[in-house]
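Colleague: So here's coords33.cif (mmCIF, C-alpha atoms and all ligand atoms).
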```cif
data_model
#
loop_
_atom_site.label_atom_id
_atom_site.label_comp_id
_atom_site.auth_asym_id
_atom_site.auth_seq_id
_atom_site.Cartn_x
_atom_site.Cartn_y
_atom_site.Cartn_z
CA MET A 1 78.31 58.16 82.05
CA SER A 2 74.94 59.18 80.69
CA LYS A 3 74.81 61.31 77.54
CA ILE A 4 73.06 64.14 79.45
CA LEU A 5 75.71 64.17 82.16
CA PHE A 6 78.47 64.10 79.53
CA ASN A 7 76.92 67.04 77.61
CA THR A 8 76.45 69.03 80.80
CA LEU A 9 80.10 68.46 81.71
CA CYS A 10 81.26 69.58 78.26
CA ILE A 11 79.20 72.77 78.38
CA GLY A 12 80.52 73.47 81.90
CA LEU A 13 84.12 73.00 80.76
CA PHE A 14 83.52 75.22 77.72
CA LEU A 15 82.07 78.03 79.87
CA LEU A 16 84.91 77.69 82.37
CA SER A 17 87.52 77.98 79.60
CA LEU A 18 85.74 81.06 78.18
CA PHE A 19 85.73 82.68 81.63
CA SER A 20 89.40 81.91 82.31
CA CYS A 21 90.33 83.32 78.88
CA ARG A 22 88.47 86.53 79.71
CA THR A 23 90.17 86.79 83.11
CA ALA A 24 93.58 86.16 81.58
CA GLU A 25 92.88 88.72 78.84
CA SER A 26 91.78 91.37 81.30
CA GLU A 27 94.74 90.69 83.55
CA SER A 28 97.30 90.70 80.79
CA TRP A 29 97.20 94.44 80.08
CA VAL A 30 97.37 95.30 83.78
CA ASP A 31 100.28 92.93 84.41
CA LYS A 32 102.03 94.35 81.37
CA ALA A 33 101.46 97.88 82.67
CA LEU A 34 102.85 96.91 86.10
CA LYS A 35 105.85 95.18 84.53
CA ASN A 36 106.55 98.29 82.51
CA ALA A 37 106.18 100.47 85.63
CA GLU A 38 108.67 98.24 87.45
CA LYS A 39 111.18 98.37 84.61
CA GLN A 40 111.01 102.14 84.29
CA SER A 41 111.17 102.66 88.07
CA LEU A 42 114.29 100.50 88.38
CA LEU A 43 115.89 102.51 85.58
CA MET A 44 115.00 105.66 87.51
CA ALA A 45 116.42 104.19 90.73
CA LYS A 46 119.75 103.40 89.05
CA LYS A 47 119.86 106.83 87.45
CA ILE A 48 119.53 108.72 90.75
CA GLU A 49 121.17 106.26 93.14
CA SER A 50 124.42 108.24 93.22
CA MET A 51 122.74 111.67 93.39
CA ASP A 52 123.14 112.40 97.06
CA GLY A 53 119.76 112.88 98.79
CA ARG A 54 117.90 113.66 95.56
CA LEU A 55 114.46 112.37 94.52
CA PRO A 56 112.66 112.43 91.16
CA ARG A 57 110.35 115.36 90.44
CA SER A 58 109.70 115.87 86.70
CA THR A 59 111.56 116.65 83.46
CA THR A 60 112.72 119.72 81.56
CA ASP A 61 111.20 120.56 78.16
CA SER A 62 113.97 118.53 76.57
CA ASP A 63 113.10 115.44 78.63
CA SER A 64 116.00 115.61 81.09
CA LEU A 65 115.28 114.50 84.62
CA VAL A 66 114.55 117.16 87.26
CA THR A 67 115.13 116.07 90.86
CA SER A 68 114.26 117.64 94.20
CA ALA A 69 115.53 117.71 97.75
CA SER A 70 113.61 115.75 100.38
CA ASP A 71 111.63 118.81 101.54
CA TRP A 72 109.77 119.16 98.22
CA TRP A 73 106.14 118.04 98.57
CA CYS A 74 106.62 115.25 96.01
CA SER A 75 109.64 113.61 97.62
CA GLY A 76 107.75 110.59 99.00
CA PHE A 77 106.08 109.49 95.79
CA PHE A 78 108.99 107.68 94.15
CA PRO A 79 109.90 105.66 97.26
CA GLY A 80 106.18 104.97 97.66
CA SER A 81 105.94 103.74 94.07
CA LEU A 82 108.82 101.34 94.74
CA TRP A 83 107.09 99.96 97.84
CA LEU A 84 103.89 99.37 95.87
CA LEU A 85 105.86 97.66 93.12
CA TYR A 86 107.64 95.55 95.75
CA GLU A 87 104.30 94.51 97.15
CA ASN A 88 103.29 93.37 93.68
CA ASN A 89 106.60 91.62 93.05
CA PRO A 90 108.75 90.97 96.15
CA ASP A 91 112.07 91.27 94.35
CA PRO A 92 115.01 92.13 96.67
CA GLU A 93 116.35 94.70 94.18
CA ILE A 94 113.10 96.72 94.34
CA ARG A 95 113.17 96.52 98.13
CA LYS A 96 116.79 97.70 98.26
CA TYR A 97 115.90 100.83 96.30
CA ALA A 98 112.63 101.38 98.18
CA GLU A 99 114.64 101.42 101.43
CA LEU A 100 117.37 103.64 99.99
CA PHE A 101 114.99 106.33 98.71
CA THR A 102 112.66 106.18 101.71
CA GLY A 103 115.69 106.84 103.91
CA ARG A 104 116.32 110.07 102.02
CA LEU A 105 113.22 111.55 103.72
CA HIS A 106 114.38 110.72 107.24
CA LYS A 107 114.87 114.29 108.47
CA GLU A 108 111.47 115.44 107.17
CA GLN A 109 109.75 113.81 110.16
CA TYR A 110 110.55 117.02 112.05
CA ASN A 111 109.50 119.40 109.27
CA GLU A 112 106.80 121.72 110.63
CA THR A 113 106.87 124.08 107.67
CA THR A 114 104.72 122.05 105.28
CA HIS A 115 101.19 120.64 105.25
CA ASP A 116 102.37 118.11 102.68
CA LEU A 117 103.99 115.91 105.29
CA GLY A 118 101.24 113.32 104.86
CA PHE A 119 101.99 112.99 101.15
CA MET A 120 105.72 112.90 101.82
CA MET A 121 105.92 110.55 104.79
CA TYR A 122 102.84 108.35 104.45
CA CYS A 123 103.56 107.38 100.82
CA SER A 124 107.18 106.54 101.69
CA TYR A 125 107.46 105.45 105.35
CA GLY A 126 103.74 104.65 105.55
CA ASN A 127 103.97 102.04 102.82
CA ALA A 128 107.30 100.82 104.21
CA TYR A 129 105.70 100.27 107.63
CA ARG A 130 102.56 98.68 106.20
CA ILE A 131 104.64 96.19 104.23
CA MET A 132 107.73 95.64 106.43
CA LYS A 133 106.31 96.39 109.92
CA GLU A 134 109.62 97.85 111.11
CA ASP A 135 109.44 99.77 114.40
CA SER A 136 111.83 102.45 113.14
CA CYS A 137 109.28 103.43 110.47
CA ARG A 138 106.51 103.56 113.04
CA SER A 139 108.24 106.11 115.26
CA ILE A 140 109.18 108.25 112.24
CA LEU A 141 105.50 108.33 111.19
CA VAL A 142 104.38 109.26 114.70
CA ASN A 143 106.95 112.10 114.79
CA ALA A 144 105.74 113.28 111.36
CA SER A 145 102.16 113.26 112.62
CA GLU A 146 103.22 115.41 115.59
CA SER A 147 104.94 117.84 113.21
CA LEU A 148 101.88 118.05 110.95
CA SER A 149 99.55 118.55 113.92
CA LYS A 150 101.43 121.71 114.85
CA ARG A 151 99.88 123.39 111.81
CA PHE A 152 96.35 122.91 113.18
CA ASN A 153 94.47 126.00 114.37
CA VAL A 154 91.58 125.33 116.77
CA LYS A 155 89.70 128.51 115.82
CA VAL A 156 89.79 127.63 112.12
CA GLY A 157 89.45 123.90 112.68
CA CYS A 158 91.94 123.18 109.89
CA ILE A 159 95.59 122.48 109.20
CA GLN A 160 97.24 125.49 107.58
CA SER A 161 98.44 124.75 104.06
CA TRP A 162 100.68 127.70 103.27
CA GLU A 163 102.23 130.53 105.25
CA PRO A 164 100.39 133.86 104.89
CA TRP A 165 101.29 135.52 101.59
CA GLY A 166 99.82 138.29 99.44
CA GLU A 167 96.25 138.80 100.65
CA LEU A 168 96.04 135.35 102.25
CA HIS A 169 96.06 134.88 106.04
CA PHE A 170 95.56 131.16 106.68
CA PRO A 171 95.21 129.42 103.33
CA VAL A 172 93.81 125.90 103.23
CA ILE A 173 93.89 124.04 99.91
CA ILE A 174 91.76 121.07 98.87
CA ASP A 175 94.96 119.04 98.36
CA ASN A 176 95.36 119.05 102.14
CA MET A 177 92.66 116.35 102.43
CA MET A 178 95.38 113.94 101.30
CA ASN A 179 97.51 114.62 104.38
CA LEU A 180 94.86 113.39 106.81
CA GLU A 181 95.39 109.68 106.24
CA MET A 182 98.65 109.71 108.19
CA LEU A 183 96.93 111.40 111.15
CA LEU A 184 94.13 108.83 111.20
CA TRP A 185 96.75 106.10 111.09
CA ALA A 186 98.67 107.72 113.99
CA SER A 187 95.50 107.97 116.05
CA LYS A 188 94.73 104.27 115.67
CA GLU A 189 98.35 103.23 116.09
CA THR A 190 99.11 105.26 119.24
CA GLY A 191 95.65 105.53 120.77
CA ASP A 192 96.12 109.31 120.91
CA ASN A 193 92.78 110.69 119.70
CA ARG A 194 94.24 114.15 119.10
CA PHE A 195 95.48 113.13 115.65
CA GLY A 196 92.12 111.72 114.58
CA GLU A 197 90.22 114.71 115.95
CA ILE A 198 92.37 117.06 113.89
CA ALA A 199 91.76 115.00 110.75
CA VAL A 200 87.99 114.87 111.32
CA SER A 201 87.79 118.59 112.11
CA HIS A 202 89.76 119.43 108.95
CA ALA A 203 87.61 117.17 106.76
CA ASP A 204 84.38 118.62 108.22
CA LYS A 205 85.48 122.23 107.78
CA THR A 206 86.61 121.49 104.22
CA MET A 207 83.23 119.89 103.48
CA LEU A 208 81.55 123.03 104.79
CA ASN A 209 83.62 125.68 103.04
CA HIS A 210 85.42 124.25 100.03
CA PHE A 211 82.47 122.93 98.04
CA ARG A 212 80.12 124.73 95.68
CA ASP A 213 76.48 123.85 95.09
CA ASP A 214 77.43 121.68 92.10
CA ASN A 215 79.87 119.70 94.33
CA SER A 216 82.98 121.00 92.61
CA SER A 217 85.57 122.49 94.95
CA TYR A 218 87.54 125.68 95.26
CA HIS A 219 91.27 125.16 95.32
CA VAL A 220 91.98 127.69 98.11
CA VAL A 221 89.88 128.80 101.08
CA ASP A 222 91.48 131.49 103.20
CA TYR A 223 90.53 131.88 106.88
CA LEU A 224 91.13 134.57 109.47
CA PRO A 225 93.15 132.69 112.09
CA GLU A 226 91.90 134.80 115.00
CA THR A 227 88.21 134.15 114.37
CA GLY A 228 88.03 131.24 111.95
CA GLU A 229 85.98 133.35 109.51
CA VAL A 230 86.28 132.63 105.78
CA ALA A 231 88.06 135.54 104.07
CA PHE A 232 88.38 134.28 100.47
CA LYS A 233 87.49 131.39 98.19
CA GLY A 234 89.34 130.94 94.92
CA THR A 235 92.27 129.33 93.21
CA ASN A 236 96.00 129.26 92.88
CA GLN A 237 96.61 126.39 90.45
CA GLY A 238 93.31 126.40 88.57
CA TYR A 239 92.10 128.44 85.60
CA SER A 240 90.06 130.91 87.69
CA ASP A 241 88.61 131.39 91.15
CA ASP A 242 85.31 129.88 89.98
CA SER A 243 86.71 127.03 87.92
CA ALA A 244 87.05 123.33 88.72
CA TRP A 245 90.77 122.53 88.68
CA ALA A 246 90.91 118.86 87.72
CA ARG A 247 93.49 117.64 90.22
CA GLY A 248 91.74 119.53 92.99
CA GLN A 249 88.55 117.56 92.24
CA ALA A 250 90.67 114.40 92.27
CA TRP A 251 92.23 115.19 95.68
CA GLY A 252 88.77 115.91 97.12
CA LEU A 253 87.34 112.66 95.80
CA TYR A 254 90.25 110.57 97.04
CA GLY A 255 90.25 112.40 100.38
CA TYR A 256 86.61 111.70 101.22
CA VAL A 257 86.78 108.07 100.07
CA MET A 258 89.75 107.68 102.42
CA MET A 259 87.90 109.50 105.25
CA PHE A 260 85.02 107.05 104.89
CA ARG A 261 87.36 104.06 104.91
CA GLU A 262 89.07 105.23 108.08
CA THR A 263 86.03 106.51 110.05
CA ARG A 264 83.01 104.77 108.48
CA ASN A 265 81.14 108.07 108.79
CA PRO A 266 78.45 107.94 106.05
CA ARG A 267 78.65 111.73 105.52
CA TYR A 268 82.09 111.28 104.00
CA LEU A 269 80.83 108.53 101.72
CA GLU A 270 77.97 110.77 100.60
CA MET A 271 80.45 113.56 99.87
CA ALA A 272 82.63 111.20 97.84
CA HIS A 273 79.64 110.08 95.75
CA ARG A 274 78.70 113.72 95.12
CA ILE A 275 82.22 114.60 93.95
CA ALA A 276 82.29 111.49 91.77
CA ARG A 277 79.01 112.57 90.13
CA PHE A 278 80.41 116.03 89.42
CA ILE A 279 83.40 114.48 87.64
CA LEU A 280 81.61 111.65 85.83
CA ASP A 281 78.65 113.73 84.63
CA HIS A 282 80.75 116.65 83.50
CA PRO A 283 80.13 117.41 79.81
CA ARG A 284 83.80 118.27 79.34
CA LEU A 285 85.13 114.97 80.70
CA PRO A 286 86.55 113.40 77.52
CA GLU A 287 85.43 110.02 76.21
CA ASP A 288 88.71 108.40 77.34
CA LYS A 289 88.09 109.83 80.85
CA VAL A 290 91.44 111.63 81.21
CA PRO A 291 90.39 115.15 82.24
CA TYR A 292 91.68 118.41 80.87
CA TRP A 293 93.81 120.18 83.50
CA ASP A 294 90.81 122.35 84.45
CA PHE A 295 87.20 121.46 83.62
CA ASP A 296 86.52 125.15 82.87
CA SER A 297 89.51 126.00 80.73
CA PRO A 298 88.20 128.05 77.79
CA ASN A 299 90.73 126.36 75.47
CA ILE A 300 89.03 122.95 75.68
CA PRO A 301 89.24 120.87 73.48
CA ASP A 302 92.60 122.37 72.44
CA ASP A 303 94.13 122.14 75.86
CA PHE A 304 96.34 119.92 77.98
CA ARG A 305 95.09 116.80 79.70
CA ASP A 306 96.31 115.95 83.18
CA SER A 307 97.33 112.31 83.47
CA SER A 308 97.98 112.76 87.21
CA ALA A 309 94.36 113.80 87.85
CA ALA A 310 93.18 110.73 85.90
CA ALA A 311 95.41 108.43 87.97
CA VAL A 312 94.18 109.86 91.30
CA ILE A 313 90.53 109.68 90.18
CA ALA A 314 90.94 106.10 88.94
CA SER A 315 92.42 104.96 92.23
CA ALA A 316 89.68 106.70 94.24
CA LEU A 317 86.85 105.39 92.04
CA LEU A 318 88.10 101.83 92.37
CA GLU A 319 87.99 102.07 96.14
CA LEU A 320 84.63 103.87 96.06
CA SER A 321 83.22 101.09 93.88
CA SER A 322 83.76 98.70 96.78
CA TYR A 323 81.52 100.87 99.03
CA SER A 324 78.75 101.21 96.42
CA ASP A 325 75.67 99.35 95.29
CA ALA A 326 76.03 97.10 92.26
CA GLU A 327 74.97 99.65 89.65
CA GLN A 328 77.17 102.45 90.96
CA ALA A 329 80.05 100.06 91.51
CA GLU A 330 79.89 98.96 87.91
CA GLU A 331 79.91 102.55 86.66
CA TYR A 332 82.82 103.62 88.88
CA PHE A 333 84.76 100.50 88.02
CA SER A 334 84.28 100.88 84.28
CA VAL A 335 85.28 104.58 84.29
CA ALA A 336 88.42 103.74 86.27
CA GLU A 337 89.14 100.85 83.90
CA LYS A 338 88.84 103.17 80.92
CA GLN A 339 91.16 105.70 82.56
CA LEU A 340 93.75 103.03 83.28
CA LEU A 341 93.53 101.56 79.79
CA THR A 342 94.04 105.05 78.37
CA LEU A 343 96.97 105.73 80.68
CA ALA A 344 98.50 102.33 79.85
CA SER A 345 98.37 103.11 76.11
CA ASP A 346 101.34 104.49 74.14
CA VAL A 347 99.72 107.91 74.24
CA TYR A 348 100.37 108.24 77.98
CA THR A 349 102.89 105.53 78.86
CA ALA A 350 106.49 106.34 78.00
CA GLU A 351 108.90 103.97 76.29
CA PRO A 352 111.45 102.65 78.80
CA GLU A 353 114.45 104.99 79.25
CA THR A 354 112.57 107.98 77.80
CA ASN A 355 110.52 110.60 79.71
CA GLY A 356 113.31 111.00 82.29
CA CYS A 357 112.44 107.40 83.36
CA PHE A 358 109.00 108.43 84.64
CA ILE A 359 106.14 106.11 83.71
CA LEU A 360 103.41 108.50 82.57
CA LYS A 361 103.59 111.42 80.18
CA HIS A 362 101.25 114.41 79.91
CA GLY A 363 100.67 115.68 83.44
CA VAL A 364 100.04 119.30 84.35
CA GLY A 365 101.79 120.52 87.49
CA ASN A 366 101.01 124.20 87.83
CA MET A 367 99.57 125.89 84.76
CA PRO A 368 99.26 129.47 86.09
CA ALA A 369 102.87 129.33 87.26
CA ASP A 370 103.90 127.92 83.86
CA SER A 371 105.53 124.98 85.64
CA GLU A 372 105.55 121.27 84.65
CA ILE A 373 103.06 121.52 81.80
CA ASP A 374 102.56 118.42 79.66
CA ALA A 375 105.23 116.79 81.79
CA PRO A 376 105.73 113.62 83.83
CA LEU A 377 104.93 113.95 87.55
CA SER A 378 106.03 111.60 90.32
CA TYR A 379 102.56 111.67 91.89
CA GLY A 380 100.93 110.71 88.59
CA ASP A 381 103.13 107.62 88.58
CA TYR A 382 102.41 106.78 92.25
CA TYR A 383 98.62 106.90 91.98
CA TYR A 384 98.74 105.10 88.62
CA ILE A 385 100.60 102.17 90.21
CA GLU A 386 98.23 102.22 93.20
CA ALA A 387 95.22 102.20 90.86
CA LEU A 388 96.63 99.32 88.79
CA LEU A 389 97.09 97.28 91.97
CA ARG A 390 93.59 98.13 93.20
CA TYR A 391 92.20 97.16 89.80
CA LYS A 392 94.10 93.88 89.85
CA ASN A 393 92.91 93.05 93.37
CA LEU A 394 89.28 93.88 92.59
CA LYS A 395 89.44 91.70 89.49
CA LYS A 396 90.88 88.86 91.54
CA GLY A 397 88.16 89.29 94.15
CA ASN A 398 85.45 89.30 91.51
CA SER A 399 86.61 86.22 89.65
N1 LIG B 1 99.78 121.16 95.37
C1 LIG B 1 99.67 119.85 94.96
C2 LIG B 1 99.26 119.70 93.55
O1 LIG B 1 99.83 120.33 92.69
O2 LIG B 1 98.39 118.95 93.27
#
```
Kindly present the structure from the file in C-alpha cells form.
Ligand code: GLY
Modeller:
Amino acid sequence: MSKILFNTLCIGLFLLSLFSCRTAESESWVDKALKNAEKQSLLMAKKIESMDGRLPRSTTDSDSLVTSASDWWCSGFFPGSLWLLYENNPDPEIRKYAELFTGRLHKEQYNETTHDLGFMMYCSYGNAYRIMKEDSCRSILVNASESLSKRFNVKVGCIQSWEPWGELHFPVIIDNMMNLEMLLWASKETGDNRFGEIAVSHADKTMLNHFRDDNSSYHVVDYLPETGEVAFKGTNQGYSDDSAWARGQAWGLYGYVMMFRETRNPRYLEMAHRIARFILDHPRLPEDKVPYWDFDSPNIPDDFRDSSAAAVIASALLELSSYSDAEQAEEYFSVAEKQLLTLASDVYTAEPETNGCFILKHGVGNMPADSEIDAPLSYGDYYYIEALLRYKNLKKGNS
C-alpha cells in the first residue's frame, strides 16, 4: 500500500470515529431520557392498574397522584405515552399496560359532549391502531370521529369547543386544532370526505379569526351559531384577553404543522412558520426555551414556566424542520433540541417514583382557575416522549 493511500485511510478512519463518537454522544442523552420515561411510566402503570377505570391526571400540592375518569380531556395521554414507548422498545409489559389503559377509554367513542375527543381517542386508540393495526381500534376511531363531527356547525364552520356559558354562545378554543388529526385520518381511512371537510373548514376559520397581526392567537373566539358572526375574542386560560397564553401558541403551531402534513396545503405551512416566528423571536422566551405560562404575564421573570408548552412546541418544531429549508430547519431543530435538553435535565425531569410517577415537573394547567400550577401534566409527558422520538428519528436520518 502506498504511503499516500495509507495516510488517506488513517485520516478517513479518524474522521469516522470522531463522527460516530458525536452521534453516540448526542444519542446518549435522548436514550437516557427515553429509558427514564419508560421506567417512570411503568411505575405509574403499576400504581393505577388496580384503580378501576382511572387514568393519570396530575398531582396534589403534596405530590400525591390525582387521577381522572375516562371522560376527562386528558384521559388518552397516558395510554398514548405507553404506545409511543412501546414503539421505541417493543417490550410485552409496556404493550400489556398500553392495551389495558387504552381499553379504559372504550365508551368515550360515543361521547358527543366534548371537542377533546381527538386528544382522547387519537392519542390512545390512534396510536394503538397505527402500531398494532387491529380492526377493533379502527372502528372505535371511526365512531369517535362521527361523535366529534356532531359538534360541527355549518354556519360557523367550526367544531364547538364548549357548551354556551356566561356570555359565550359557541366558543371555539385554539386547542381544538389538535382534535382535527383524527378527522383527517378518518377521512382517508373510510373515504368519507365529510370528516376531512370539517377539519379543513375548522382550520380555515381558525386561521381567519383566532390570529392577531403579530401571529399570536386568542385562546377563545365566540361565534353566534345562527349567523356565524364573531361575538368575542379573548381568553379563558391565559393572563388576559390580549395576551399570548403559551400553550395556546403551542397548540396552534402543532395544529398547523399537522394540517400541512395531512393536506399538503401550503397555506397551513405558511401559518405554522408564522406562529413559529412569533414564539422564537419573542423577547420573553427564556434562553433555555421553556416558555413562561403566558408570554405577557406581568410577573415575568418571577413567574411559572410551562413544561407542557415546551414539549408541544419542541415536537411541532421538529416536524416543521423537516418541511423547511436548510437554514430554517437548523434553527427549528436547535431550539427543539435545547428545549428537550432542558426538559431532560434534573430541573424538569423527576426522580423515579417521585412527582406522582409523572415524567416532567413544572407544568401549568389552568392559572386563572388556580388549578395544576407548577404541576406534572399527562399531556406534557406525552408530547415530551413524542418529541424525543422525533428527535431520535431525525438524528438517525441525518447521520
Ligand atoms: N384545554 C386544554 C389545555 O389546557 O391546554
Colleague: For the interface of segment 232-325 of chain A with segment 378-382 of chain A (cut-off 7 Å, counting only C-alpha atoms), please tabulate each contacting residue of segment 232-325 of chain A alongside its nearest pair of atoms and their separation in Å to one decimal, rows sorted by chain and increasing number, as a Markdown table.
Modeller:
```
| residue | atom | partner | partner_atom | distance |
| --- | --- | --- | --- | --- |
| A:Ser307 | CA | A:Gly380 | CA | 6.5 |
| A:Ser308 | CA | A:Gly380 | CA | 3.8 |
| A:Ala311 | CA | A:Gly380 | CA | 6.0 |
```
Colleague: Compute the set of protein, DNA and RNA residues whose minimum atom distance to ligand LIG 1 (chain B) is at most 12 Å, using only C-alpha atoms and all ligand atoms, and state it as a PyMOL selection string.
Modeller: chain A and resi 57+72-74+114-120+161-162+172-179+219-220+235-238+245-252+293+306-309+312+363-369+371-373+377-380
Colleague: One number please: atom CA of Arg95 of chain A to atom CA of Thr342 of chain A, in Å, one decimal.
Modeller: 28.8 Å
Colleague: When distances are computed from only C-alpha atoms, which of A:Phe304, A:Trp29, A:Phe195, A:Phe333 shows the smallest separation from Arg390 of chain A?
Modeller: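 Looking only at the distances to Arg390 of chain A, the closest residue turns out to be A:Phe333.
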Colleague: Provide the atom CA of Asp288 of chain A to atom CA of Leu343 of chain A distance in Å, to one decimal place.
Modeller: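 About the pair atom CA of Asp288 of chain A and atom CA of Leu343 of chain A: they are 9.3 Å apart.
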Colleague: Would you please work out which residue, of A:Glu112, A:Asp374, A:Asp63, A:Asp31, is nearest to Glu353 of chain A when using all atoms listed in the file?
Modeller: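 Using all atoms listed in the file, the shortest distance to Glu353 of chain A belongs to A:Asp63.
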Colleague: What does the distance between atom CA of Pro164 of chain A and atom CA of Leu253 of chain A come to in Å, to one decimal place?
Modeller: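 Separating atom CA of Pro164 of chain A from atom CA of Leu253 of chain A is a distance of 26.5 Å.
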Colleague: Need the shell around Val221 of chain A: protein/DNA/RNA residues with any atom at most 12 Å away, counting only C-alpha atoms. Skip same-chain ones fewer than 2 positions apart. Format as JSON, numbers by chain?
Modeller: {"A": [156, 158, 159, 160, 161, 162, 167, 168, 169, 170, 171, 172, 173, 174, 175, 176, 205, 206, 207, 208, 209, 210, 211, 212, 217, 218, 219, 223, 224, 228, 229, 230, 231, 232, 233, 234, 235, 236, 241]}
Colleague: Selection from above, C-alpha atoms, as a CSV table (one decimal), in the coordinates of the input, can you write it?
Modeller:
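So the final result, stored in again_39.csv, reads:
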```
chain,number,residue,atom,x,y,z
A,156,VAL,CA,89.8,127.6,112.1
A,158,CYS,CA,91.9,123.2,109.9
A,159,ILE,CA,95.6,122.5,109.2
A,160,GLN,CA,97.2,125.5,107.6
A,161,SER,CA,98.4,124.8,104.1
A,162,TRP,CA,100.7,127.7,103.3
A,167,GLU,CA,96.2,138.8,100.6
A,168,LEU,CA,96.0,135.4,102.2
A,169,HIS,CA,96.1,134.9,106.0
A,170,PHE,CA,95.6,131.2,106.7
A,171,PRO,CA,95.2,129.4,103.3
A,172,VAL,CA,93.8,125.9,103.2
A,173,ILE,CA,93.9,124.0,99.9
A,174,ILE,CA,91.8,121.1,98.9
A,175,ASP,CA,95.0,119.0,98.4
A,176,ASN,CA,95.4,119.0,102.1
A,205,LYS,CA,85.5,122.2,107.8
A,206,THR,CA,86.6,121.5,104.2
A,207,MET,CA,83.2,119.9,103.5
A,208,LEU,CA,81.6,123.0,104.8
A,209,ASN,CA,83.6,125.7,103.0
A,210,HIS,CA,85.4,124.2,100.0
A,211,PHE,CA,82.5,122.9,98.0
A,212,ARG,CA,80.1,124.7,95.7
A,217,SER,CA,85.6,122.5,95.0
A,218,TYR,CA,87.5,125.7,95.3
A,219,HIS,CA,91.3,125.2,95.3
A,223,TYR,CA,90.5,131.9,106.9
A,224,LEU,CA,91.1,134.6,109.5
A,228,GLY,CA,88.0,131.2,112.0
A,229,GLU,CA,86.0,133.4,109.5
A,230,VAL,CA,86.3,132.6,105.8
A,231,ALA,CA,88.1,135.5,104.1
A,232,PHE,CA,88.4,134.3,100.5
A,233,LYS,CA,87.5,131.4,98.2
A,234,GLY,CA,89.3,130.9,94.9
A,235,THR,CA,92.3,129.3,93.2
A,236,ASN,CA,96.0,129.3,92.9
A,241,ASP,CA,88.6,131.4,91.2
```
Colleague: Which residues are near segment 65-67 of chain A? Cut-off 8 Å, all atoms listed in the file, ignore same chain within fewer than 6 positions. Put them as a list in words.
Modeller: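 Those residues are Arg54, Leu55, Pro56, Arg57, Ser58, Thr59, Asn355, Gly356 and Cys357 of chain A.
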Colleague: Kindly indicate which residue among A:Ile198, A:Leu82, A:Ala69, A:Ala329 lies nearest to Arg104 of chain A, using all atoms listed in the file for the distances.
Modeller: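 Nearest to Arg104 of chain A: A:Ala69.
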Colleague: Near segment 183-187 of chain A, counting all atoms listed in the file, which residues have an atom at most 6 Å away, once you skip same-chain residues fewer than 3 positions from it, shown as a JSON list (two decimals) with C-alpha atoms, keeping the file's coordinate frame?
Modeller:
```json
[["chain", "number", "residue", "atom", "x", "y", "z"],
["A", 142, "VAL", "CA", 104.38, 109.26, 114.70],
["A", 145, "SER", "CA", 102.16, 113.26, 112.62],
["A", 180, "LEU", "CA", 94.86, 113.39, 106.81],
["A", 190, "THR", "CA", 99.11, 105.26, 119.24],
["A", 191, "GLY", "CA", 95.65, 105.53, 120.77],
["A", 192, "ASP", "CA", 96.12, 109.31, 120.91],
["A", 193, "ASN", "CA", 92.78, 110.69, 119.70],
["A", 195, "PHE", "CA", 95.48, 113.13, 115.65],
["A", 196, "GLY", "CA", 92.12, 111.72, 114.58]]
```
Colleague: If you count all atoms listed in the file, which residues fall within 9 Å of Leu141 of chain A, apart from same-chain ones fewer than 2 positions away, as a list of chain:residue names?
Modeller: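 Counting only the stated atoms, we get A:Gln109, A:Met121, A:Tyr122, A:Tyr125, A:Gly126, A:Tyr129, A:Ser136, A:Cys137, A:Arg138, A:Ser139, A:Asn143, A:Ala144, A:Ser145, A:Glu146, A:Met182, A:Ala186.
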Colleague: Which of these, A:Leu318, A:Leu84, A:Ala326, A:Met259, has the shortest distance to Ala37 of chain A once you count only C-alpha atoms?
Modeller: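 Closest residue, counting only C-alpha atoms: A:Leu84.
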Colleague: Pick the closest to Tyr256 of chain A from A:Glu319, A:Glu189, A:Asp370, A:Glu87: which is it, counting all atoms listed in the file?
Modeller: A:Glu319
Colleague: Residues around (85.2, 124.4, 83.8), cut-off 7 Å, counting all atoms listed in the file - what are they as a PDB file with C-alpha atoms, keeping the file's coordinate frame?
Modeller:
```
ATOM      1  CA  SER A 243      86.710 127.030  87.920  1.00  0.00           C
ATOM      2  CA  ALA A 244      87.050 123.330  88.720  1.00  0.00           C
ATOM      3  CA  ASP A 294      90.810 122.350  84.450  1.00  0.00           C
ATOM      4  CA  PHE A 295      87.200 121.460  83.620  1.00  0.00           C
ATOM      5  CA  ASP A 296      86.520 125.150  82.870  1.00  0.00           C
ATOM      6  CA  SER A 297      89.510 126.000  80.730  1.00  0.00           C
TER       7      SER A 297
END
```
Colleague: Could you check which of A:Leu360, A:Leu85, A:Ile313, A:Ile48 is closest to Ser68 of chain A, using all atoms listed in the file?
Modeller: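 Answer, going by the shortest atom-to-atom distance: A:Ile48.
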Colleague: When you look at Lys46 of chain A with a cut-off of 12 Å (counting all atoms listed in the file), what residues show up, excluding the ones that are within fewer than 5 positions of it in the same chain? I need them as a PDB file with C-alpha atoms, in the frame of the given file.
Modeller:
```
ATOM      1  CA  LYS A  39     111.180  98.370  84.610  1.00  0.00           C
ATOM      2  CA  GLN A  40     111.010 102.140  84.290  1.00  0.00           C
ATOM      3  CA  SER A  41     111.170 102.660  88.070  1.00  0.00           C
ATOM      4  CA  MET A  51     122.740 111.670  93.390  1.00  0.00           C
ATOM      5  CA  LEU A  55     114.460 112.370  94.520  1.00  0.00           C
ATOM      6  CA  PRO A  56     112.660 112.430  91.160  1.00  0.00           C
ATOM      7  CA  GLU A  93     116.350  94.700  94.180  1.00  0.00           C
ATOM      8  CA  ILE A  94     113.100  96.720  94.340  1.00  0.00           C
ATOM      9  CA  LYS A  96     116.790  97.700  98.260  1.00  0.00           C
ATOM     10  CA  TYR A  97     115.900 100.830  96.300  1.00  0.00           C
ATOM     11  CA  ALA A  98     112.630 101.380  98.180  1.00  0.00           C
ATOM     12  CA  LEU A 100     117.370 103.640  99.990  1.00  0.00           C
ATOM     13  CA  PHE A 101     114.990 106.330  98.710  1.00  0.00           C
ATOM     14  CA  GLU A 353     114.450 104.990  79.250  1.00  0.00           C
ATOM     15  CA  CYS A 357     112.440 107.400  83.360  1.00  0.00           C
TER      16      CYS A 357
END
```
